[in-house]
Amino acid sequence: MLQAYKANKRKISAGTVINRVMLVIFLIFTLVPFYVLIVNSFKTQNQLLGGVLFFSYPLYWKNYSDAFVKMLPFIWNSVTVTVVSTAGVTFLAALCGYAFGHYVFRGKRVLFAAILVNMMIPSILTLVPSYLVIIRLGLYNTQFALLLPYLAGGSVMGIYLVRGFVEQLPKTVFEAAKIDGISEFRCFISIGIPLLGTILTTVSILALLNFWNDIVWPMLVIEKSALKTIPLGLLEFNQQQGSNKGALFAGYILASIPLLVYFALNMRSFMDSLTEGAIK
Amino acid sequence: MRIHVKQGILAVLVAVCVFTMGFNVFRFRENSSKLRLAFWGTNLPYYNALQEVAEMYNERQDKYQVEVQRQDAGNYRIWMSSQLAGGTAPDILATTSVYANADAQNGYLYDFAEVLNEPNPYNADSEISWRDSFAGTYLSQLEDPNKKGRFTNIPTSTVSVRIVINEEMLESKRDALDANGINIDTDINEDWTFSQFRKVCEVFEADGKTAMQIANQQYINYHVSWLLDIFMAQVKYDEITEWDENDNGMIESEEICGMILGDDGMNFSSDSDFKEVLRFMKYWSKYWGDGFNSRSDTSEKFLRQEVPMMFCGSWGVAGIEMTLGNQNPDADQTNPYTMFEYKSLPFPRLTPQTYVDGQDGGTFTFSNLKEGLPLQEMGEPSGCFCIPLSTQKSGKTEGAVDFLRFFTSPEIAAYMADAAYEIPVMKGVEVNEIMSDFLPPDNSQTVRMRFGLQNLSSGTAEEFHFKRMQMYLATGRDAISLNALCSDVQKKYVEITSQLAEDNGWYL
Amino acid sequence: MNLKLKKKLKGDKIAPYLMIAPTLILLAIFALYPVVLSIVKSFFRWSGGFGGNGINQFVGFGNYLQLFKDPVFWQSWGNSLFFMVTGVVVNLIFPFLCGFMIFSVKNPKASYRWRVAFVVPMVVPSMVIFLLWQFIYDVDIGVINNIIRIFGGSGVDLLGSASSVKWAIRFMGFPWVGGTFLLVYIAGLGNIDNSVREAARIDGASRLRQLLFIDIPLLKPQFKMVFTLSVIGEIQDFVKIQTITGGGPGYYSYVPGLYMYKTAFDSGEYGLASAMGVLMMLVMLGFTYLSNFLFKTEAAD
């Protein structure tokens with residue numbers, strides 16, 4: 001009995017060891033760039049020229065204060081745009097998805113198809129004309145040039161997710177409220193939204209990640225330094241800081257922190273949302 | 001209850017962000033009563049000088065107020081196109097001849113042809129026209145290749161290329177150089193030859209160093225094209241003079257059409273001089289050092305004193321001066337640069353037997369070489385400005401023209417040379433010591449022919465040429481061959497010139 | 001009472017339209033209209049202006065013909081094909097291996113931690129990753145050259161030489177496991193009915209055999225999805241290349257997206273750029289059909 005248990009255990013651990021070793025190797029290689037990033041963010045240009053593989057002492061903390069001054073406006077711009085767009089997308093997706101899932105109305109199939117077809121259109125096709133539309137509307141170099149297309153493009157996936165969710169809700173929940181004479185919109189706000197909680201978290205997290213990381217679109221419509229989001233700010237910083245790479249790396253780290261913190265605080269829902277977004 | 005706190009915080013955050021966005025629109029709205037001048041760049045001395053000029057102008061007269069706005073270099077072209085397409089462009093825009101030609105094709109730019117004939121009121125000599133107040137061919141180079149007589153941009157300065165040398169590093173090798181047949185005092189001067197230059201390089205290369213950095217970075221860097229022009233100007237001097245039918249010192253697009261499409265036209269795919277120059281460049285480029293094709297910054301190594309020489313444009317002087325001029329004699333903990341003495345020399349001239357190295361094939365024969373030419377490669381008008389047609393709607397065209405007249409007066413040109421290391425393009429301008437090295441005698445330009453297709457058309461053709469050169473000079477199995485490059489260049493030239501000739505009705 | 005009911009019914013009729021309207025209007029302006037514009041203007045020589053501003057001239061298939069005659073356009077597609085093929089191979093293998101290994105971790109807590117560890121890089125702005133890799137490749141002070149020099153070698157310019165630039169770009173993000181595809185595979189593995197595996201295990205099939213004969217065949221939908229998404233992603237992803245090499249040296253890392261970007265925003269030839277966009281969309285549609293064909297599943301989804 002004991003013998004059998006031991007043999008069994010040994011057998012398992014052989015496979016497990018290989019498995020874990022492989023995972024660790026994968027992880028190490030994945031994290032190498034971040035190691036390089038951290039190590040070099042504490043270096044003066046002189047120390048950097050001496051080698052980039054290991055820490056060199058004394059650590060030069062001033063890079064961080066230099067980078068902080070430079071990166072703060074970009075971070076704030078990114079936060080502004082991302083928060084407003086994410087809130088907007090979540091609301092629109094909830095509203096629209098609820099309408100498609102809850103009601104029966106004329107032209108429903110056609111309208112839903114008209115929205116879904118946007119998932120098939122590659123963004124690169126619309127890049128040039130969308131940009132010209134923004135110019136024509138006089139929105140170039142304003143944050144609304146980011147917000148409005150984000151609201152349009154970002155909500156499509158959300159509508160799809162919310163509709164699927166709403167269709168599975170029992171209709172009886174809403175019937176009682178309607179008999180009470182609550183308006184349709186109030187019904188959506190006070191009964192619909194609370195029921196949609198989990199799926200709206202998913203929608204908002206997926207939207208948040210997309211907007212936070214977007215590069216191409218801001219690159220086209222935002223030129224003013226004071227309005228730049230993090231990716232653009234990093235590029236600008238990169239051009240200006242050619243001769244002090246340490247501060248540049250500190251800037252990269254600072255730019256990554258806000259979302260990392262948010263991720264750490266909401267890890268569970270982040271992981272679930274990403275998985276859900278990946279499969280759909 | 002807790003969930004309400006969380007929602008409350010979220011609501012406040014969203015509200016603050018919405019407010020910020022609205023406020024930003026208000027904060028960054030454009031001031032419409034002033035004349036807006038936009039330019040790009042990270043060049044701080046230039047920006048400061050430009051602002052100073054605008055202030056001088058605003059004080060000098062009370063009809064117009066000019067406001068300078070600096071745009072980000074990386075996105076300037078996108079920004080500019082968007083403003084032109086949207087009809088919301090500033091009243092005066094910094095541009096390049098390539099951009100201006102493209103924008104003029106699209107019908108966005110004001111044509112200076114008429115006002116150029118009138119005198120410039122800010123010029124002391126009020127008799128001569130604005131057109132004639134420009135030196136050399138700086139202005140005529142900007143004539144629109146697609147339409148004769150159209151000028152959609154005005155030059156304010158020019159650029160030239162030379163070699164800058166770290167004198168201290170040179171001095172430290174005095175004995176070794178002597179042994180290699182080079183005397184620092186008598187051989188390294190304005191008249192040095194390429195063979196001498198290579199012997200200097202060999203001394204440094206013996207230590208395993210790169211002797212001269214050449215930046216061949218991305219699409220914005222034309223050093224390789226500059227080199228091609230420098231060599232071709234010597235090897236093809238007689239032909240170039242012939243091509244210049246109106247003898248104005250430059251080969252305009254019409255003349256290029258003649259040179260390519262004419263009966264005894266130049267054929268790049270079979271021309272032996274052209275091929276020999278390219279073969280020479282490829283052979284020599286093996287000494288250019290790591291990363292000449294990459295994005296790493298060349299001036300870095302020169303400034304760190306790791307490389308004794310650098311191929312340098314006049315636009316690079318401001319950077320060197322700023323980096324070295326602000327440093328302590330000793331590098332401190334954070335700063336890798338120490339101060340050193342440097343000087344600039346013209347690019348070394350070719351000789352009929354040009355030495356590159358001692359190996360087989362290391363000496364090149366240029367049979368048609370013209371010796372004794374003034375060897376200062378310069379004359380590309382830079383600092384060009386254009387006026388969008390949309391200013392006519394707001395009635396600001398006149399003011400914009402007036403400011404550009406002020407900007408191109410000798411007084412302001414001299415100020416810009418002093419304060420921002422810009423080489424003037426006006427007649428009769430005095431410049432400071434550093435810049436005078438970069439300025440040839442009588443400020444006459446020597447570029448007759450830009451082989452990089454710059455004279456011909458929009459960015460795509462130019463980029464094509466430049467990228468082809470990169471591919472030719474590249475090492476490895478993917479590099480294109482000499483014959484492939486030459487036939488590509490010929491094909492592109494024929495394609496563009498045929499189109500141009502057809503569009504303009506030349507030779508038809 | 002009767003009136004109230006009527007009102008309610010009426011509200012019921014209008015409400016869904018009102019709820020859909022904002023999204024639909026936004027989509028019409030910022031998504032559908034641009035698509036139509038793009039397709040229409042690909043037949044024009046157009047400088048991007050509206051209402052008589054600039055040039056707007058019908059040229060039929062002129063833009064398309066010009067592109068087919070353009071060697072640079074073909075070369076950029078050649079490069080893009082390289083990125084597509086290598087990208088598909090990499091994404092089909094590496095995230096799957098890693099996902100399989102994480103899935104094999106039986107302790108749910110540990111498995112979760114592994115997933116988190118590999119998802120963290122996704123949270124870092126991709127621009128940071130691009131710029132970091134650019135530094136890793138830097139010919140002067142980069143990481144790779146630092147290591148080479150420690151062992152006495154001389155510097156290599158991986159991004160600057162024609163023969164290595166595409167491989168260097170492909171190698172960015174090694175070992176390519178941190179990201180969405182990993183989660184796709186893990187979710188797919190989780191969906192496989194455990195009784196199938198159990199049966200195989202009782203039959204004495206080793207873990208490797210289970211992997212080859214049960215997991216991989218059953219993951220067909222996931223492989224199909226990864227195939228399609230990576231092809232589409234590679235065709236569209238020009239920002240990475242724009243940031244790292246600008247398409248250089250020469251045209252060795254030029255891709256159609258970058259060419260379109262430059263045609264539109266550097267040269268102002270918006271009509272030509274639209275034609276490029278349309279062609280890219282057609283290629284993407286083609287690949288989507290190809291993936292349906294390649295990964296044909298017997299049972300309908």
# chains A, B, ... in the order shown; residues from 1 in each chain; ligands from 1
$ interface_residues --of "chain A" --to "chain B" --cutoff "10 Å" --atoms "only C-alpha atoms" --output "ChimeraX atom specification"
/A:43-49,60,76-77,79-88,131-144,147,219-227,232,235-236,239-240,242-244
$ interface_residues --of "chain A" --to "chain C" --cutoff "6 Å" --atoms "only C-alpha atoms" --output "ChimeraX atom specification"
/A:19,95-96,99,125-126,129-130,149,152,213,231,252,256,275,278-279
$ interface_residues --of "chain C" --to "chain B" --cutoff "6 Å" --atoms "only C-alpha atoms" --output "count of residues only"
12
$ atom_distance --atom1 "CA of Phe280 in chain B" --atom2 "CA of Leu482 in chain B"
10.9 Å
$ atom_distance --atom1 "CA of Phe438 in chain B" --atom2 "CA of Pro410 in chain B"
18.1 Å
$ residues_around --residues "Trp167 in chain C" --least-positions-apart "2" --cutoff "10 Å" --atoms "only C-alpha atoms" --output "PDB file with C-alpha atoms, in the first residue's frame"
ATOM      1  CA  PHE C  82       6.558  36.237 -44.033  1.00  0.00           C
ATOM      2  CA  PHE C  83       5.059  37.782 -40.907  1.00  0.00           C
ATOM      3  CA  THR C  86       5.738  32.784 -39.078  1.00  0.00           C
ATOM      4  CA  LEU C 158      19.922  42.981 -36.289  1.00  0.00           C
ATOM      5  CA  LEU C 159      17.364  45.637 -37.191  1.00  0.00           C
ATOM      6  CA  ALA C 162      18.411  43.187 -44.670  1.00  0.00           C
ATOM      7  CA  SER C 163      18.884  39.523 -43.894  1.00  0.00           C
ATOM      8  CA  SER C 164      18.013  39.702 -40.227  1.00  0.00           C
ATOM      9  CA  VAL C 165      15.479  42.478 -39.864  1.00  0.00           C
ATOM     10  CA  ILE C 169      10.905  41.681 -35.688  1.00  0.00           C
ATOM     11  CA  ARG C 170       9.350  38.232 -35.511  1.00  0.00           C
ATOM     12  CA  PHE C 171      11.477  37.357 -32.505  1.00  0.00           C
ATOM     13  CA  MET C 172      10.068  40.300 -30.565  1.00  0.00           C
ATOM     14  CA  SER C 253      10.411  45.274 -43.401  1.00  0.00           C
TER      15      SER C 253
END
$ select_by_dssp --residues "range 124-272 of chain A" --states "helix (DSSP H, G or I)" --output "ChimeraX atom specification"
/A:124-136,144-168,172-179,184-195,197-213,216-221,225-227,230-240,245-265,267-272
$ closest_residue --among "C:Thr245, C:Val231, C:Tyr259, C:Gln66" --to "Pro122 in chain A" --atoms "only C-alpha atoms"
C:Val231
$ residues_around --residues "Glu341 in chain B" --least-positions-apart "4" --cutoff "9 Å" --atoms "only C-alpha atoms" --output "PyMOL selection string"
chain B and resi 165-168
$ write_last_selection --atoms "C-alpha atoms" --output "CSV table (one decimal), in the first residue's frame"
chain,number,residue,atom,x,y,z
B,165,ILE,CA,36.7,66.2,-36.8
B,166,ASN,CA,37.6,65.8,-33.2
B,167,GLU,CA,40.9,67.7,-33.1
B,168,GLU,CA,42.1,66.2,-29.8
